[in-house]
Every structure is written in structure tokens, then in C-alpha cells.
>>> print(open('query-v5.txt').read())   # compact mmCIF, N, CA and C atoms
# COMPACT_ATOMS: atom_id res chain seq x y z
N MET X 90 15.05 19.82 7.80
CA MET X 90 13.68 19.86 7.30
C MET X 90 13.70 20.34 5.85
N ARG X 91 12.93 19.67 5.01
CA ARG X 91 12.84 20.07 3.60
C ARG X 91 12.04 21.37 3.47
N ARG X 92 12.51 22.22 2.56
CA ARG X 92 11.84 23.49 2.30
C ARG X 92 11.33 23.52 0.87
N ALA X 93 10.11 24.01 0.72
CA ALA X 93 9.52 24.22 -0.61
C ALA X 93 9.28 25.71 -0.79
N VAL X 94 9.38 26.13 -2.05
CA VAL X 94 9.03 27.50 -2.42
C VAL X 94 7.88 27.44 -3.42
N ALA X 95 6.89 28.26 -3.18
CA ALA X 95 5.82 28.49 -4.15
C ALA X 95 5.87 29.98 -4.45
N GLN X 96 5.46 30.35 -5.63
CA GLN X 96 5.50 31.76 -5.98
C GLN X 96 4.34 32.10 -6.88
N GLY X 97 3.94 33.36 -6.84
CA GLY X 97 2.84 33.80 -7.69
C GLY X 97 2.39 35.19 -7.31
N THR X 98 1.35 35.64 -7.98
CA THR X 98 0.80 36.97 -7.74
C THR X 98 -0.17 36.95 -6.57
N PHE X 99 -1.01 35.93 -6.50
CA PHE X 99 -1.99 35.73 -5.43
C PHE X 99 -2.90 36.95 -5.26
N ASP X 100 -3.38 37.46 -6.39
CA ASP X 100 -4.31 38.58 -6.38
C ASP X 100 -5.72 38.00 -6.22
N LEU X 101 -6.47 38.51 -5.28
CA LEU X 101 -7.82 38.00 -4.98
C LEU X 101 -7.75 36.49 -4.71
N LEU X 102 -7.29 36.14 -3.52
CA LEU X 102 -7.13 34.73 -3.14
C LEU X 102 -8.40 33.94 -3.40
N HIS X 103 -8.23 32.73 -3.90
CA HIS X 103 -9.36 31.85 -4.20
C HIS X 103 -8.96 30.40 -3.92
N PRO X 104 -9.90 29.45 -3.97
CA PRO X 104 -9.60 28.05 -3.66
C PRO X 104 -8.50 27.43 -4.51
N GLY X 105 -8.31 27.89 -5.73
CA GLY X 105 -7.22 27.38 -6.56
C GLY X 105 -5.86 27.72 -5.95
N HIS X 106 -5.73 28.93 -5.41
CA HIS X 106 -4.49 29.31 -4.72
C HIS X 106 -4.28 28.42 -3.50
N LEU X 107 -5.34 28.22 -2.73
CA LEU X 107 -5.24 27.40 -1.53
C LEU X 107 -4.81 25.98 -1.87
N HIS X 108 -5.39 25.40 -2.91
CA HIS X 108 -5.01 24.05 -3.34
C HIS X 108 -3.52 24.01 -3.70
N TYR X 109 -3.06 24.97 -4.48
CA TYR X 109 -1.65 25.05 -4.88
C TYR X 109 -0.73 25.10 -3.66
N LEU X 110 -1.04 25.98 -2.72
CA LEU X 110 -0.16 26.15 -1.56
C LEU X 110 -0.21 24.95 -0.63
N GLU X 111 -1.37 24.34 -0.46
CA GLU X 111 -1.45 23.13 0.37
C GLU X 111 -0.67 21.99 -0.26
N GLU X 112 -0.77 21.85 -1.57
CA GLU X 112 -0.02 20.79 -2.25
C GLU X 112 1.48 21.05 -2.17
N ALA X 113 1.88 22.30 -2.33
CA ALA X 113 3.30 22.64 -2.21
C ALA X 113 3.81 22.35 -0.79
N ALA X 114 3.01 22.67 0.21
CA ALA X 114 3.40 22.40 1.60
C ALA X 114 3.56 20.91 1.85
N ASP X 115 2.72 20.10 1.22
CA ASP X 115 2.80 18.65 1.38
C ASP X 115 4.08 18.07 0.79
N MET X 116 4.75 18.80 -0.10
CA MET X 116 5.98 18.32 -0.73
C MET X 116 7.20 18.53 0.16
N ALA X 117 7.04 19.25 1.26
CA ALA X 117 8.17 19.53 2.16
C ALA X 117 7.63 19.82 3.55
N GLY X 118 8.51 19.96 4.50
CA GLY X 118 8.08 20.25 5.86
C GLY X 118 7.82 21.72 6.10
N GLU X 119 8.33 22.57 5.22
CA GLU X 119 8.26 24.01 5.40
C GLU X 119 7.93 24.66 4.06
N LEU X 120 6.96 25.58 4.06
CA LEU X 120 6.59 26.26 2.81
C LEU X 120 6.87 27.75 2.91
N HIS X 121 7.68 28.22 1.97
CA HIS X 121 7.98 29.65 1.82
C HIS X 121 7.32 30.11 0.53
N VAL X 122 6.63 31.24 0.59
CA VAL X 122 5.93 31.75 -0.59
C VAL X 122 6.51 33.11 -0.96
N ILE X 123 6.83 33.25 -2.24
CA ILE X 123 7.30 34.51 -2.78
C ILE X 123 6.14 35.13 -3.55
N VAL X 124 5.68 36.28 -3.07
CA VAL X 124 4.56 36.99 -3.68
C VAL X 124 5.14 38.03 -4.65
N ALA X 125 4.72 37.95 -5.90
CA ALA X 125 5.25 38.85 -6.92
C ALA X 125 4.85 40.30 -6.64
N ARG X 126 5.78 41.18 -6.81
CA ARG X 126 5.50 42.61 -6.70
C ARG X 126 4.74 43.06 -7.95
N SER X 127 3.82 43.97 -7.78
CA SER X 127 3.01 44.46 -8.91
C SER X 127 3.88 44.93 -10.07
N ASP X 128 4.97 45.61 -9.76
CA ASP X 128 5.85 46.13 -10.82
C ASP X 128 6.48 45.01 -11.65
N ASN X 129 6.58 43.82 -11.08
CA ASN X 129 7.20 42.70 -11.79
C ASN X 129 6.20 41.83 -12.54
N VAL X 130 4.90 42.10 -12.39
CA VAL X 130 3.87 41.31 -13.07
C VAL X 130 3.68 41.90 -14.46
N THR X 131 4.24 41.23 -15.45
CA THR X 131 4.18 41.75 -16.82
C THR X 131 3.44 40.83 -17.78
N HIS X 132 3.09 39.63 -17.33
CA HIS X 132 2.48 38.63 -18.21
C HIS X 132 0.95 38.60 -18.12
N LYS X 133 0.38 39.47 -17.27
CA LYS X 133 -1.08 39.54 -17.13
C LYS X 133 -1.41 40.91 -16.55
N PRO X 134 -2.70 41.26 -16.43
CA PRO X 134 -3.05 42.58 -15.91
C PRO X 134 -2.46 42.83 -14.51
N GLU X 135 -2.21 44.09 -14.23
CA GLU X 135 -1.66 44.48 -12.94
C GLU X 135 -2.59 44.03 -11.81
N PRO X 136 -2.03 43.56 -10.70
CA PRO X 136 -2.87 43.13 -9.58
C PRO X 136 -3.78 44.25 -9.06
N VAL X 137 -4.93 43.85 -8.55
CA VAL X 137 -5.89 44.78 -7.96
C VAL X 137 -5.48 45.10 -6.52
N VAL X 138 -5.06 44.09 -5.79
CA VAL X 138 -4.73 44.23 -4.37
C VAL X 138 -3.26 44.66 -4.24
N PRO X 139 -2.97 45.63 -3.37
CA PRO X 139 -1.58 46.08 -3.18
C PRO X 139 -0.65 44.95 -2.71
N ASP X 140 0.62 45.10 -3.01
CA ASP X 140 1.63 44.09 -2.70
C ASP X 140 1.58 43.62 -1.24
N ASP X 141 1.67 44.55 -0.30
CA ASP X 141 1.74 44.18 1.12
C ASP X 141 0.49 43.44 1.58
N GLN X 142 -0.67 43.81 1.06
CA GLN X 142 -1.90 43.12 1.43
C GLN X 142 -1.93 41.70 0.88
N ARG X 143 -1.46 41.51 -0.35
CA ARG X 143 -1.41 40.16 -0.92
C ARG X 143 -0.46 39.29 -0.10
N ARG X 144 0.68 39.84 0.28
CA ARG X 144 1.63 39.08 1.10
C ARG X 144 1.01 38.73 2.45
N GLU X 145 0.33 39.68 3.06
CA GLU X 145 -0.30 39.45 4.36
C GLU X 145 -1.36 38.35 4.29
N MET X 146 -2.17 38.36 3.25
CA MET X 146 -3.20 37.33 3.09
C MET X 146 -2.59 35.95 2.91
N VAL X 147 -1.55 35.85 2.09
CA VAL X 147 -0.88 34.57 1.88
C VAL X 147 -0.25 34.09 3.18
N ALA X 148 0.41 34.99 3.92
CA ALA X 148 1.07 34.63 5.18
C ALA X 148 0.08 34.09 6.20
N ALA X 149 -1.16 34.52 6.13
CA ALA X 149 -2.18 34.09 7.10
C ALA X 149 -2.68 32.67 6.86
N LEU X 150 -2.39 32.10 5.71
CA LEU X 150 -2.86 30.75 5.41
C LEU X 150 -2.11 29.71 6.23
N GLU X 151 -2.83 28.73 6.71
CA GLU X 151 -2.25 27.70 7.58
C GLU X 151 -1.09 26.94 6.92
N ALA X 152 -1.18 26.70 5.64
CA ALA X 152 -0.15 25.92 4.94
C ALA X 152 1.17 26.67 4.79
N VAL X 153 1.16 27.98 4.98
CA VAL X 153 2.32 28.83 4.70
C VAL X 153 3.11 29.11 5.97
N ASP X 154 4.41 28.80 5.92
CA ASP X 154 5.29 29.10 7.05
C ASP X 154 5.84 30.52 6.98
N GLU X 155 6.10 30.99 5.76
CA GLU X 155 6.62 32.35 5.60
C GLU X 155 6.23 32.85 4.22
N ALA X 156 5.84 34.12 4.15
CA ALA X 156 5.54 34.75 2.86
C ALA X 156 6.32 36.06 2.80
N ARG X 157 6.92 36.31 1.64
CA ARG X 157 7.68 37.54 1.44
C ARG X 157 7.43 38.04 0.04
N LEU X 158 7.66 39.33 -0.15
CA LEU X 158 7.57 39.89 -1.49
C LEU X 158 8.83 39.53 -2.26
N GLY X 159 8.66 39.37 -3.56
CA GLY X 159 9.79 39.08 -4.42
C GLY X 159 10.75 40.26 -4.49
N HIS X 160 11.94 40.00 -4.97
CA HIS X 160 12.95 41.03 -5.14
C HIS X 160 12.53 41.94 -6.29
N THR X 161 12.89 43.20 -6.22
CA THR X 161 12.49 44.14 -7.25
C THR X 161 13.19 43.91 -8.58
N GLU X 162 14.40 43.33 -8.55
CA GLU X 162 15.18 43.20 -9.78
C GLU X 162 15.65 41.78 -10.09
N ASP X 163 15.90 40.97 -9.07
CA ASP X 163 16.53 39.67 -9.28
C ASP X 163 15.67 38.55 -8.69
N PHE X 164 15.06 37.79 -9.55
CA PHE X 164 14.19 36.67 -9.18
C PHE X 164 14.90 35.70 -8.22
N PHE X 165 16.22 35.55 -8.36
CA PHE X 165 16.95 34.54 -7.60
C PHE X 165 17.35 34.97 -6.19
N VAL X 166 17.26 36.24 -5.85
CA VAL X 166 17.65 36.69 -4.51
C VAL X 166 16.88 35.95 -3.42
N PRO X 167 15.54 35.95 -3.44
CA PRO X 167 14.83 35.22 -2.37
C PRO X 167 15.05 33.71 -2.45
N ILE X 168 15.25 33.18 -3.64
CA ILE X 168 15.51 31.73 -3.77
C ILE X 168 16.81 31.39 -3.05
N ARG X 169 17.84 32.20 -3.26
CA ARG X 169 19.12 31.96 -2.58
C ARG X 169 18.95 32.08 -1.06
N ASP X 170 18.19 33.08 -0.61
CA ASP X 170 17.97 33.29 0.83
C ASP X 170 17.26 32.10 1.47
N ILE X 171 16.27 31.58 0.79
CA ILE X 171 15.46 30.48 1.33
C ILE X 171 16.18 29.14 1.22
N ASP X 172 16.95 28.95 0.15
CA ASP X 172 17.67 27.70 -0.11
C ASP X 172 16.72 26.49 -0.10
N PRO X 173 15.75 26.49 -1.02
CA PRO X 173 14.74 25.42 -1.01
C PRO X 173 15.25 24.10 -1.57
N ASP X 174 14.56 23.04 -1.21
CA ASP X 174 14.81 21.72 -1.80
C ASP X 174 14.00 21.56 -3.07
N VAL X 175 12.86 22.26 -3.15
CA VAL X 175 12.00 22.16 -4.33
C VAL X 175 11.27 23.49 -4.55
N ILE X 176 11.15 23.88 -5.80
CA ILE X 176 10.30 24.99 -6.20
C ILE X 176 9.07 24.37 -6.85
N VAL X 177 7.91 24.70 -6.32
CA VAL X 177 6.66 24.13 -6.82
C VAL X 177 5.93 25.19 -7.63
N LEU X 178 5.69 24.88 -8.89
CA LEU X 178 4.96 25.79 -9.78
C LEU X 178 3.47 25.47 -9.73
N GLY X 179 2.66 26.48 -9.90
CA GLY X 179 1.22 26.26 -10.00
C GLY X 179 0.88 25.56 -11.30
N HIS X 180 -0.23 24.84 -11.31
CA HIS X 180 -0.58 24.03 -12.48
C HIS X 180 -0.71 24.86 -13.75
N ASP X 181 -1.08 26.14 -13.63
CA ASP X 181 -1.30 26.97 -14.81
C ASP X 181 -0.29 28.11 -14.95
N GLN X 182 0.77 28.06 -14.18
CA GLN X 182 1.77 29.12 -14.29
C GLN X 182 2.54 28.99 -15.60
N HIS X 183 2.95 30.13 -16.13
CA HIS X 183 3.56 30.18 -17.45
C HIS X 183 5.01 29.70 -17.48
N HIS X 184 5.61 29.41 -16.34
CA HIS X 184 7.01 28.96 -16.31
C HIS X 184 7.16 27.56 -16.88
N ASP X 185 8.25 27.32 -17.59
CA ASP X 185 8.60 26.01 -18.12
C ASP X 185 9.55 25.34 -17.13
N GLU X 186 9.20 24.13 -16.67
CA GLU X 186 10.01 23.44 -15.67
C GLU X 186 11.46 23.24 -16.12
N GLY X 187 11.64 22.79 -17.36
CA GLY X 187 12.98 22.54 -17.87
C GLY X 187 13.82 23.80 -17.94
N ALA X 188 13.22 24.88 -18.43
CA ALA X 188 13.94 26.15 -18.53
C ALA X 188 14.29 26.68 -17.14
N LEU X 189 13.36 26.56 -16.20
CA LEU X 189 13.63 27.01 -14.84
C LEU X 189 14.75 26.18 -14.21
N SER X 190 14.71 24.87 -14.39
CA SER X 190 15.77 24.00 -13.87
C SER X 190 17.13 24.41 -14.42
N ALA X 191 17.19 24.70 -15.71
CA ALA X 191 18.45 25.12 -16.34
C ALA X 191 18.92 26.46 -15.77
N MET X 192 18.00 27.39 -15.56
CA MET X 192 18.37 28.69 -14.98
C MET X 192 18.90 28.52 -13.55
N LEU X 193 18.24 27.66 -12.78
CA LEU X 193 18.70 27.41 -11.41
C LEU X 193 20.10 26.83 -11.41
N GLU X 194 20.34 25.86 -12.28
CA GLU X 194 21.66 25.24 -12.38
C GLU X 194 22.71 26.28 -12.77
N GLU X 195 22.36 27.13 -13.72
CA GLU X 195 23.26 28.20 -14.16
C GLU X 195 23.61 29.15 -13.02
N GLU X 196 22.65 29.36 -12.12
CA GLU X 196 22.86 30.25 -10.97
C GLU X 196 23.52 29.53 -9.79
N GLY X 197 23.77 28.22 -9.94
CA GLY X 197 24.38 27.45 -8.86
C GLY X 197 23.42 27.11 -7.73
N ILE X 198 22.14 27.07 -8.03
CA ILE X 198 21.11 26.76 -7.03
C ILE X 198 20.66 25.33 -7.26
N ASP X 199 20.87 24.49 -6.24
CA ASP X 199 20.58 23.06 -6.34
C ASP X 199 19.22 22.76 -5.71
N CYS X 200 18.18 22.73 -6.54
CA CYS X 200 16.86 22.34 -6.03
C CYS X 200 16.03 21.77 -7.18
N ALA X 201 15.08 20.94 -6.81
CA ALA X 201 14.19 20.32 -7.79
C ALA X 201 13.09 21.32 -8.19
N VAL X 202 12.46 21.03 -9.31
CA VAL X 202 11.30 21.82 -9.76
C VAL X 202 10.15 20.85 -9.96
N ALA X 203 9.00 21.17 -9.38
CA ALA X 203 7.81 20.33 -9.52
C ALA X 203 6.64 21.22 -9.92
N ARG X 204 5.59 20.60 -10.42
CA ARG X 204 4.39 21.34 -10.78
C ARG X 204 3.21 20.77 -10.00
N ALA X 205 2.45 21.65 -9.37
CA ALA X 205 1.26 21.24 -8.62
C ALA X 205 0.16 20.83 -9.59
N SER X 206 -0.76 20.04 -9.09
CA SER X 206 -1.90 19.62 -9.90
C SER X 206 -2.99 20.68 -9.87
N ALA X 207 -3.91 20.57 -10.80
CA ALA X 207 -5.08 21.45 -10.80
C ALA X 207 -6.05 20.97 -9.73
N ARG X 208 -6.75 21.87 -9.14
CA ARG X 208 -7.80 21.51 -8.19
C ARG X 208 -8.94 20.86 -8.97
N ASP X 209 -9.54 19.82 -8.43
CA ASP X 209 -10.69 19.20 -9.09
C ASP X 209 -11.76 20.26 -9.31
N GLY X 210 -12.36 20.24 -10.48
CA GLY X 210 -13.37 21.23 -10.82
C GLY X 210 -12.78 22.50 -11.36
N ASP X 211 -11.50 22.45 -11.73
CA ASP X 211 -10.80 23.64 -12.22
C ASP X 211 -11.01 23.81 -13.72
N GLY X 212 -12.27 23.94 -14.11
CA GLY X 212 -12.58 24.08 -15.53
C GLY X 212 -13.44 25.29 -15.79
N ASP X 213 -13.54 25.67 -17.04
CA ASP X 213 -14.29 26.87 -17.40
C ASP X 213 -15.78 26.76 -17.10
N GLY X 214 -16.34 25.56 -17.17
CA GLY X 214 -17.77 25.40 -16.96
C GLY X 214 -18.15 25.24 -15.51
N ASP X 215 -17.19 25.16 -14.63
CA ASP X 215 -17.45 24.92 -13.22
C ASP X 215 -17.97 26.18 -12.54
N ASP X 216 -18.81 26.01 -11.52
CA ASP X 216 -19.34 27.15 -10.78
C ASP X 216 -18.32 27.78 -9.84
N GLU X 217 -17.30 27.00 -9.46
CA GLU X 217 -16.26 27.54 -8.58
C GLU X 217 -15.44 28.58 -9.33
N LEU X 218 -15.11 29.65 -8.65
CA LEU X 218 -14.27 30.68 -9.24
C LEU X 218 -12.83 30.41 -8.82
N LEU X 219 -12.06 29.84 -9.75
CA LEU X 219 -10.70 29.42 -9.44
C LEU X 219 -9.65 30.21 -10.19
N SER X 220 -9.99 31.42 -10.59
CA SER X 220 -8.99 32.30 -11.19
C SER X 220 -9.37 33.74 -10.88
N THR X 221 -8.37 34.56 -10.71
CA THR X 221 -8.61 35.97 -10.44
C THR X 221 -9.40 36.60 -11.58
N GLY X 222 -9.05 36.24 -12.81
CA GLY X 222 -9.75 36.79 -13.97
C GLY X 222 -11.23 36.48 -13.95
N ARG X 223 -11.59 35.24 -13.59
CA ARG X 223 -13.01 34.87 -13.52
C ARG X 223 -13.72 35.59 -12.38
N ILE X 224 -13.03 35.81 -11.27
CA ILE X 224 -13.63 36.56 -10.16
C ILE X 224 -13.93 37.98 -10.62
N ILE X 225 -12.98 38.61 -11.27
CA ILE X 225 -13.17 39.98 -11.75
C ILE X 225 -14.31 40.04 -12.76
N GLU X 226 -14.39 39.06 -13.66
CA GLU X 226 -15.50 39.01 -14.63
C GLU X 226 -16.84 38.95 -13.90
N GLN X 227 -16.93 38.10 -12.88
CA GLN X 227 -18.18 37.96 -12.13
C GLN X 227 -18.53 39.26 -11.41
N VAL X 228 -17.54 39.91 -10.81
CA VAL X 228 -17.79 41.18 -10.14
C VAL X 228 -18.32 42.20 -11.14
N CYS X 229 -17.70 42.28 -12.30
CA CYS X 229 -18.14 43.23 -13.32
C CYS X 229 -19.55 42.92 -13.81
N GLU X 230 -19.85 41.63 -14.01
CA GLU X 230 -21.19 41.25 -14.47
C GLU X 230 -22.26 41.59 -13.44
N ARG X 231 -21.94 41.42 -12.18
CA ARG X 231 -22.94 41.59 -11.13
C ARG X 231 -22.99 42.98 -10.53
N ARG X 232 -21.88 43.72 -10.58
CA ARG X 232 -21.82 44.98 -9.85
C ARG X 232 -21.52 46.21 -10.70
N CYS X 233 -21.08 46.03 -11.92
CA CYS X 233 -20.68 47.21 -12.72
C CYS X 233 -21.84 47.73 -13.54
>>> encode(input="query-v5.txt", output="C-alpha cells")
Amino acid sequence: MRRAVAQGTFDLLHPGHLHYLEEAADMAGELHVIVARSDNVTHKPEPVVPDDQRREMVAALEAVDEARLGHTEDFFVPIRDIDPDVIVLGHDQHHDEGALSAMLEEEGIDCAVARASARDGDGDGDDELLSTGRIIEQVCERRC
């Protein structure tokens, strides 16, 4: 059975996350999700929801076969454990497919890299809240 890996922070789950994970699951028979630990999130604000709760929420989604927290020091440890056929990046994730492919090859990990599409309506003017940042902005506007 083909295995796919999706990875991300998944802070404040929203329909954009669901679209990403469903699309990743469709690329293989089995979907494993690596949830970033708060300590490893350096490219955006620290997550609001604790690590274990974010992992638990992702694991509860129907499209997900297994969810685990990322390694504290080595990004490749869970990738080696899972041995995926494809790593699926979110449409807006900061990773470069070519650079990631080169890193995987350097590490001796043989798997493809794909990028998921954006969910329809995934724009700034849309009423749907498809980013954690926009959800937090709305909470602050309405409740702070």
C-alpha cells in the first residue's frame, strides 16, 4: 500500500487543513501526518494549541491513518520511520519542492514530493477562514 506523509503545525484546525489532508490521503492508500512541535516552529508565531492537542485533533480526522509529533531535533527521523512513497506539501507551505527532494536524496530517502492545491475560495476576500492567522484576527476583532 502506498504511504503519503503530510506535515504542518495544524494550529486551530480549519477547512484549509482538511482540504490539504484529504488531498494528501487521495495520493496514497495510507496517510501519516507529522505535527510540528511548538519548539520547532520558527517561521511563524508560536502555536496557540499545545502539541499533544494538535496531534490528537489531526489524528481524529477521517482522512488520517496516523498522526505523530515531529522529532525534536531531526526532521528526517519520522520520515525514515514511515518510509513514505510521497511527501505532500500544503499549497502555502514555505518548503521548496526541489530543495526538499535534494535533501531527501542526500539522506538516502527515496520518495516523491508533491504539493497540494489550494481549497477553492482560499483568498483574502473570502468569508471562509482558511488560515490560523485569519482566525486569530477574527477572534481579536470580535472578542478582545
>>> closest_residue(input="query-v5.txt", among="X:Leu102, X:Cys200, X:Leu218, X:Ala205", to="Asp172 of chain X", atoms="all atoms listed in the file")
X:Cys200
>>> residues_around(input="query-v5.txt", residues="Ala152 of chain X", least_positions_apart="3", cutoff="6 Å", atoms="all atoms listed in the file", output="JSON, numbers by chain")
{"X": [110, 111, 114, 120]}
>>> closest_residue(input="query-v5.txt", among="X:Leu219, X:Ala191, X:Val177, X:Ile171", to="Glu112 of chain X", atoms="all atoms listed in the file")
X:Val177
>>> atom_distance(input="query-v5.txt", atom1="atom N of Lys133 of chain X", atom2="atom N of Leu101 of chain X")
13.8 Å
>>> atom_distance(input="query-v5.txt", atom1="atom C of Val147 of chain X", atom2="atom CA of Ile168 of chain X")
17.4 Å
>>> atom_distance(input="query-v5.txt", atom1="atom CA of His160 of chain X", atom2="atom CA of Asp128 of chain X")
10.4 Å
>>> select_by_dssp(input="query-v5.txt", residues="segment 109-208 of chain X", states="alpha helix (DSSP H)", output="CSV table (one decimal) with N, CA and C atoms, in the frame of the given file")
chain,number,residue,atom,x,y,z
X,109,TYR,N,-3.1,25.0,-4.5
X,109,TYR,CA,-1.6,25.0,-4.9
X,109,TYR,C,-0.7,25.1,-3.7
X,110,LEU,N,-1.0,26.0,-2.7
X,110,LEU,CA,-0.2,26.2,-1.6
X,110,LEU,C,-0.2,25.0,-0.6
X,111,GLU,N,-1.4,24.3,-0.5
X,111,GLU,CA,-1.4,23.1,0.4
X,111,GLU,C,-0.7,22.0,-0.3
X,112,GLU,N,-0.8,21.8,-1.6
X,112,GLU,CA,0.0,20.8,-2.2
X,112,GLU,C,1.5,21.0,-2.2
X,113,ALA,N,1.9,22.3,-2.3
X,113,ALA,CA,3.3,22.6,-2.2
X,113,ALA,C,3.8,22.4,-0.8
X,114,ALA,N,3.0,22.7,0.2
X,114,ALA,CA,3.4,22.4,1.6
X,114,ALA,C,3.6,20.9,1.8
X,115,ASP,N,2.7,20.1,1.2
X,115,ASP,CA,2.8,18.6,1.4
X,115,ASP,C,4.1,18.1,0.8
X,140,ASP,N,0.6,45.1,-3.0
X,140,ASP,CA,1.6,44.1,-2.7
X,140,ASP,C,1.6,43.6,-1.2
X,141,ASP,N,1.7,44.6,-0.3
X,141,ASP,CA,1.7,44.2,1.1
X,141,ASP,C,0.5,43.4,1.6
X,142,GLN,N,-0.7,43.8,1.1
X,142,GLN,CA,-1.9,43.1,1.4
X,142,GLN,C,-1.9,41.7,0.9
X,143,ARG,N,-1.5,41.5,-0.4
X,143,ARG,CA,-1.4,40.2,-0.9
X,143,ARG,C,-0.5,39.3,-0.1
X,144,ARG,N,0.7,39.8,0.3
X,144,ARG,CA,1.6,39.1,1.1
X,144,ARG,C,1.0,38.7,2.4
X,145,GLU,N,0.3,39.7,3.1
X,145,GLU,CA,-0.3,39.4,4.4
X,145,GLU,C,-1.4,38.4,4.3
X,146,MET,N,-2.2,38.4,3.2
X,146,MET,CA,-3.2,37.3,3.1
X,146,MET,C,-2.6,36.0,2.9
X,147,VAL,N,-1.6,35.8,2.1
X,147,VAL,CA,-0.9,34.6,1.9
X,147,VAL,C,-0.2,34.1,3.2
X,148,ALA,N,0.4,35.0,3.9
X,148,ALA,CA,1.1,34.6,5.2
X,148,ALA,C,0.1,34.1,6.2
X,165,PHE,N,16.2,35.6,-8.4
X,165,PHE,CA,17.0,34.5,-7.6
X,165,PHE,C,17.4,35.0,-6.2
X,166,VAL,N,17.3,36.2,-5.8
X,166,VAL,CA,17.6,36.7,-4.5
X,166,VAL,C,16.9,36.0,-3.4
X,167,PRO,N,15.5,36.0,-3.4
X,167,PRO,CA,14.8,35.2,-2.4
X,167,PRO,C,15.0,33.7,-2.4
X,168,ILE,N,15.2,33.2,-3.6
X,168,ILE,CA,15.5,31.7,-3.8
X,168,ILE,C,16.8,31.4,-3.0
X,169,ARG,N,17.8,32.2,-3.3
X,169,ARG,CA,19.1,32.0,-2.6
X,169,ARG,C,19.0,32.1,-1.1
X,170,ASP,N,18.2,33.1,-0.6
X,170,ASP,CA,18.0,33.3,0.8
X,170,ASP,C,17.3,32.1,1.5
X,171,ILE,N,16.3,31.6,0.8
X,171,ILE,CA,15.5,30.5,1.3
X,171,ILE,C,16.2,29.1,1.2
X,186,GLU,N,9.2,24.1,-16.7
X,186,GLU,CA,10.0,23.4,-15.7
X,186,GLU,C,11.5,23.2,-16.1
X,187,GLY,N,11.6,22.8,-17.4
X,187,GLY,CA,13.0,22.5,-17.9
X,187,GLY,C,13.8,23.8,-17.9
X,188,ALA,N,13.2,24.9,-18.4
X,188,ALA,CA,13.9,26.2,-18.5
X,188,ALA,C,14.3,26.7,-17.1
X,189,LEU,N,13.4,26.6,-16.2
X,189,LEU,CA,13.6,27.0,-14.8
X,189,LEU,C,14.8,26.2,-14.2
X,190,SER,N,14.7,24.9,-14.4
X,190,SER,CA,15.8,24.0,-13.9
X,190,SER,C,17.1,24.4,-14.4
X,191,ALA,N,17.2,24.7,-15.7
X,191,ALA,CA,18.4,25.1,-16.3
X,191,ALA,C,18.9,26.5,-15.8
X,192,MET,N,18.0,27.4,-15.6
X,192,MET,CA,18.4,28.7,-15.0
X,192,MET,C,18.9,28.5,-13.6
X,193,LEU,N,18.2,27.7,-12.8
X,193,LEU,CA,18.7,27.4,-11.4
X,193,LEU,C,20.1,26.8,-11.4
X,194,GLU,N,20.3,25.9,-12.3
X,194,GLU,CA,21.7,25.2,-12.4
X,194,GLU,C,22.7,26.3,-12.8
X,195,GLU,N,22.4,27.1,-13.7
X,195,GLU,CA,23.3,28.2,-14.2
X,195,GLU,C,23.6,29.2,-13.0
>>> closest_residue(input="query-v5.txt", among="X:Gln96, X:His183, X:Val122, X:Asp163", to="Glu196 of chain X", atoms="only C-alpha atoms")
X:Asp163
>>> residues_around(input="query-v5.txt", residues="segment 134-137 of chain X", least_positions_apart="4", cutoff="8 Å", atoms="all atoms listed in the file", output="compact mmCIF listing (two decimals) with N, CA and C atoms, in the coordinates of the input")
# COMPACT_ATOMS: atom_id res chain seq x y z
N THR X 98 1.35 35.64 -7.98
CA THR X 98 0.80 36.97 -7.74
C THR X 98 -0.17 36.95 -6.57
N PHE X 99 -1.01 35.93 -6.50
CA PHE X 99 -1.99 35.73 -5.43
C PHE X 99 -2.90 36.95 -5.26
N ASP X 100 -3.38 37.46 -6.39
CA ASP X 100 -4.31 38.58 -6.38
C ASP X 100 -5.72 38.00 -6.22
N LEU X 101 -6.47 38.51 -5.28
CA LEU X 101 -7.82 38.00 -4.98
C LEU X 101 -7.75 36.49 -4.71
N ARG X 126 5.78 41.18 -6.81
CA ARG X 126 5.50 42.61 -6.70
C ARG X 126 4.74 43.06 -7.95
N SER X 127 3.82 43.97 -7.78
CA SER X 127 3.01 44.46 -8.91
C SER X 127 3.88 44.93 -10.07
N ASP X 128 4.97 45.61 -9.76
CA ASP X 128 5.85 46.13 -10.82
C ASP X 128 6.48 45.01 -11.65
N VAL X 130 4.90 42.10 -12.39
CA VAL X 130 3.87 41.31 -13.07
C VAL X 130 3.68 41.90 -14.46
>>> select_by_dssp(input="query-v5.txt", residues="segment 95-227 of chain X", states="strand (DSSP E)", output="MDAnalysis selection string")
chainID X and resid 95:97 119:124 155:158 175:178 201:204
>>> residues_near_point(input="query-v5.txt", point="(1.6, 20.1, -18.4)", cutoff="9 Å", atoms="only C-alpha atoms", output="JSON, numbers by chain")
{"X": [180, 181, 204]}
>>> closest_residue(input="query-v5.txt", among="X:Pro139, X:Val228, X:Val166, X:His121", to="Val153 of chain X", atoms="all atoms listed in the file")
X:His121
>>> closest_residue(input="query-v5.txt", among="X:Gly187, X:Gly97, X:Gly179, X:Gly118", to="Phe164 of chain X", atoms="only C-alpha atoms")
X:Gly97
>>> residues_around(input="query-v5.txt", residues="Leu158 of chain X", least_positions_apart="4", cutoff="6 Å", atoms="all atoms listed in the file", output="list in words")
Ile123, Val124, Ala125 and Arg126 of chain X
>>> closest_residue(input="query-v5.txt", among="X:Asp185, X:Glu151, X:Glu145, X:Glu195", to="Phe165 of chain X", atoms="only C-alpha atoms")
X:Glu195
